[in-house]
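> I have a structure I would like to understand better, so I am pasting it below and will then ask my questions one at a time.
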Amino acid sequence: MPSEAPTLPQLADDRIIEICLKGERLYGDDFTPEQIARWYVDEEEGYANLGAKDEKSYRYYYHAMNRLHGYRHLPKGRFARALGIGSAYGDEFEPIAERVDRFTILEPSKQMRRDSIYGKPAEWVPPSPSGDMPFANDTFDLITCLAVLHHVPNVTHVMGEIGRVLKPGGFALVHEPVTSMGDWRQPRGGLTKHERGIPPKVLADAIDRAGLKVVKRTLHTFRPWTVLAAKMGYEVYNVEWVTRVDQMLSQLFAWNTRYHPTNILHRIRPVSVYDVLTK
């Protein structure tokens with residue numbers, strides 16, 4: 001019988017990167033527990049150390065994006081329990097906070113915590129490096145995981161945990177870059193050490209394995225437009241019309257989407273996806 005394909009940690013480093021930059025596999029998704037633990041230590045305060053740890057100067061820049069691509073596609077009514085994965089201070093819940101009774105934030109940073117979220121009870125829980133979540137099956141009515149999975153190694157396992165702890169009929173919002181974000185072997189300005197985008201097929205397979213269904217999928221972050229809008233002084237994803245133009249351009253250039261660009265023309269495409277999921 002043919003032998004099984006080797007896992008990524010079994011291959012030479014250059015061969016691993018070659019496979020992953022083609023978007024065929026996700027770097028880190030089948031790492032050993034020891035490799036995952038080292039990665040976790042590197043990323044634990046990564047976002048905080050990029051400037052988010054100072055609450056007085058911290059500002060959340062994605063409310064318009066969350067409303068347009070995420071919250072407006074949820075059903076009306078209340079959510080008894082909401083889980084925010086890697087949600088820092090919990091600001092992402094602002095558009096829907098009045099409809100949530102209780103918040104739980106799964107957050108590695110010890111520097112980004114509050115007593116409550118928009119006046120609602122909230123607790124902060126540290127995640128396990130393994131990706132296992134310390135919650136019972138079918139616990140949460142709403143889960144947000146916004147630009148978080150690309151910071152963790154074992155994405156497929158964590159997505160499976162999202163499916164496990166989400167109640168039947170519940171909803172999850174998942175927003176991720178689906179391009180490489182550059183060569184992660186080298187330091188990259190404004191990025192943490194290990195973050196890299198998730199190939200679209202890997203993300204879709206992980207969602208399917210988790211027993212989740214896509215209600216709405218939106219391509220966004222058409223980089224030529226977002227760079228121009230920022231130069232004009234707009235907070236790109238805090239301004240609704242700017243976000244809508246970005247969505248339109250992303251749809252128009254969806255045909256040019258690829259995981260790792262190798263020339264300037266490859267960069268004229270959307271780089272992220274926003275999924276509204278249900279169980």
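Residues in the structure tokens are numbered from 1 in each chain, the chains being A, B, ... in the order shown, and ligands are numbered from 1 in the order shown.
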For A:Gly131, please output as a PDB file with N, CA and C atoms, in the first residue's frame all residues within 9 Å (counting only C-alpha atoms; exclusion window: fewer than 4 positions along the same chain).


```
ATOM      1  N   PRO A 127      -6.671  31.187  26.714  1.00  0.00           N
ATOM      2  CA  PRO A 127      -6.773  29.995  25.872  1.00  0.00           C
ATOM      3  C   PRO A 127      -5.661  29.005  26.172  1.00  0.00           C
ATOM      4  N   VAL A 152      -2.783  31.650  14.865  1.00  0.00           N
ATOM      5  CA  VAL A 152      -2.588  30.375  15.550  1.00  0.00           C
ATOM      6  C   VAL A 152      -2.082  29.337  14.560  1.00  0.00           C
ATOM      7  N   ASN A 154      -2.603  25.707  14.525  1.00  0.00           N
ATOM      8  CA  ASN A 154      -3.495  24.590  14.194  1.00  0.00           C
ATOM      9  C   ASN A 154      -4.916  25.091  13.929  1.00  0.00           C
ATOM     10  N   VAL A 155      -5.083  25.765  12.817  1.00  0.00           N
ATOM     11  CA  VAL A 155      -6.341  26.430  12.475  1.00  0.00           C
ATOM     12  C   VAL A 155      -7.503  25.435  12.384  1.00  0.00           C
ATOM     13  N   HIS A 157      -8.014  22.596  13.857  1.00  0.00           N
ATOM     14  CA  HIS A 157      -8.452  22.146  15.182  1.00  0.00           C
ATOM     15  C   HIS A 157      -9.252  23.232  15.893  1.00  0.00           C
ATOM     16  N   VAL A 158      -8.784  24.484  15.831  1.00  0.00           N
ATOM     17  CA  VAL A 158      -9.488  25.572  16.513  1.00  0.00           C
ATOM     18  C   VAL A 158     -10.857  25.805  15.873  1.00  0.00           C
ATOM     19  N   GLU A 161     -13.162  23.377  17.287  1.00  0.00           N
ATOM     20  CA  GLU A 161     -13.608  23.769  18.623  1.00  0.00           C
ATOM     21  C   GLU A 161     -14.718  24.815  18.557  1.00  0.00           C
TER      22      GLU A 161
END
```

> Quick one: residues within 9 Å of A:Pro129, only C-alpha atoms, excluding same-chain residues fewer than 4 positions away - as a ChimeraX atom specification?

/A:33,36-41,152

> Pick out each residue of stretch 147-238 of chain A that DSSP on the backbone tags as alpha helix (DSSP H); I need them as number ranges by chain.

A: 155-165, 200-209, 223-231

> Atom CA of A:Leu219 and atom CA of A:Phe253, how far apart in Å?

9.7 Å

> Of the candidates A:Arg269, A:Pro187, A:Leu21, A:Gly84, which shows the shortest atom-to-atom distance to A:Trp225, using only C-alpha atoms?

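Looking only at the distances to A:Trp225, the closest residue turns out to be A:Arg269.
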
> From the list A:Cys145, A:Val125, A:Leu74, A:Val245, which residue is nearest A:Glu92 when using only C-alpha atoms?

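Residue with the minimum atom-to-atom distance to A:Glu92: A:Cys145.
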
> Pick the closest to A:Ala172 from A:Asn238, A:Asn66, A:Thr156, A:Thr278: which is it, counting only C-alpha atoms?

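Closest candidate: A:Thr278.
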
> Of the candidates A:Val227, A:Ala206, A:Met248, A:Ala147, which one gets nearest to A:Tyr274 if we count only C-alpha atoms?

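Ranking A:Val227, A:Ala206, A:Met248, A:Ala147 by distance to A:Tyr274, first place goes to A:Ala147.
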
> Which of these, A:Pro200, A:Gly77, A:Pro95, A:Pro134, has the shortest distance to A:Val271 once you count only C-alpha atoms?

A:Pro200
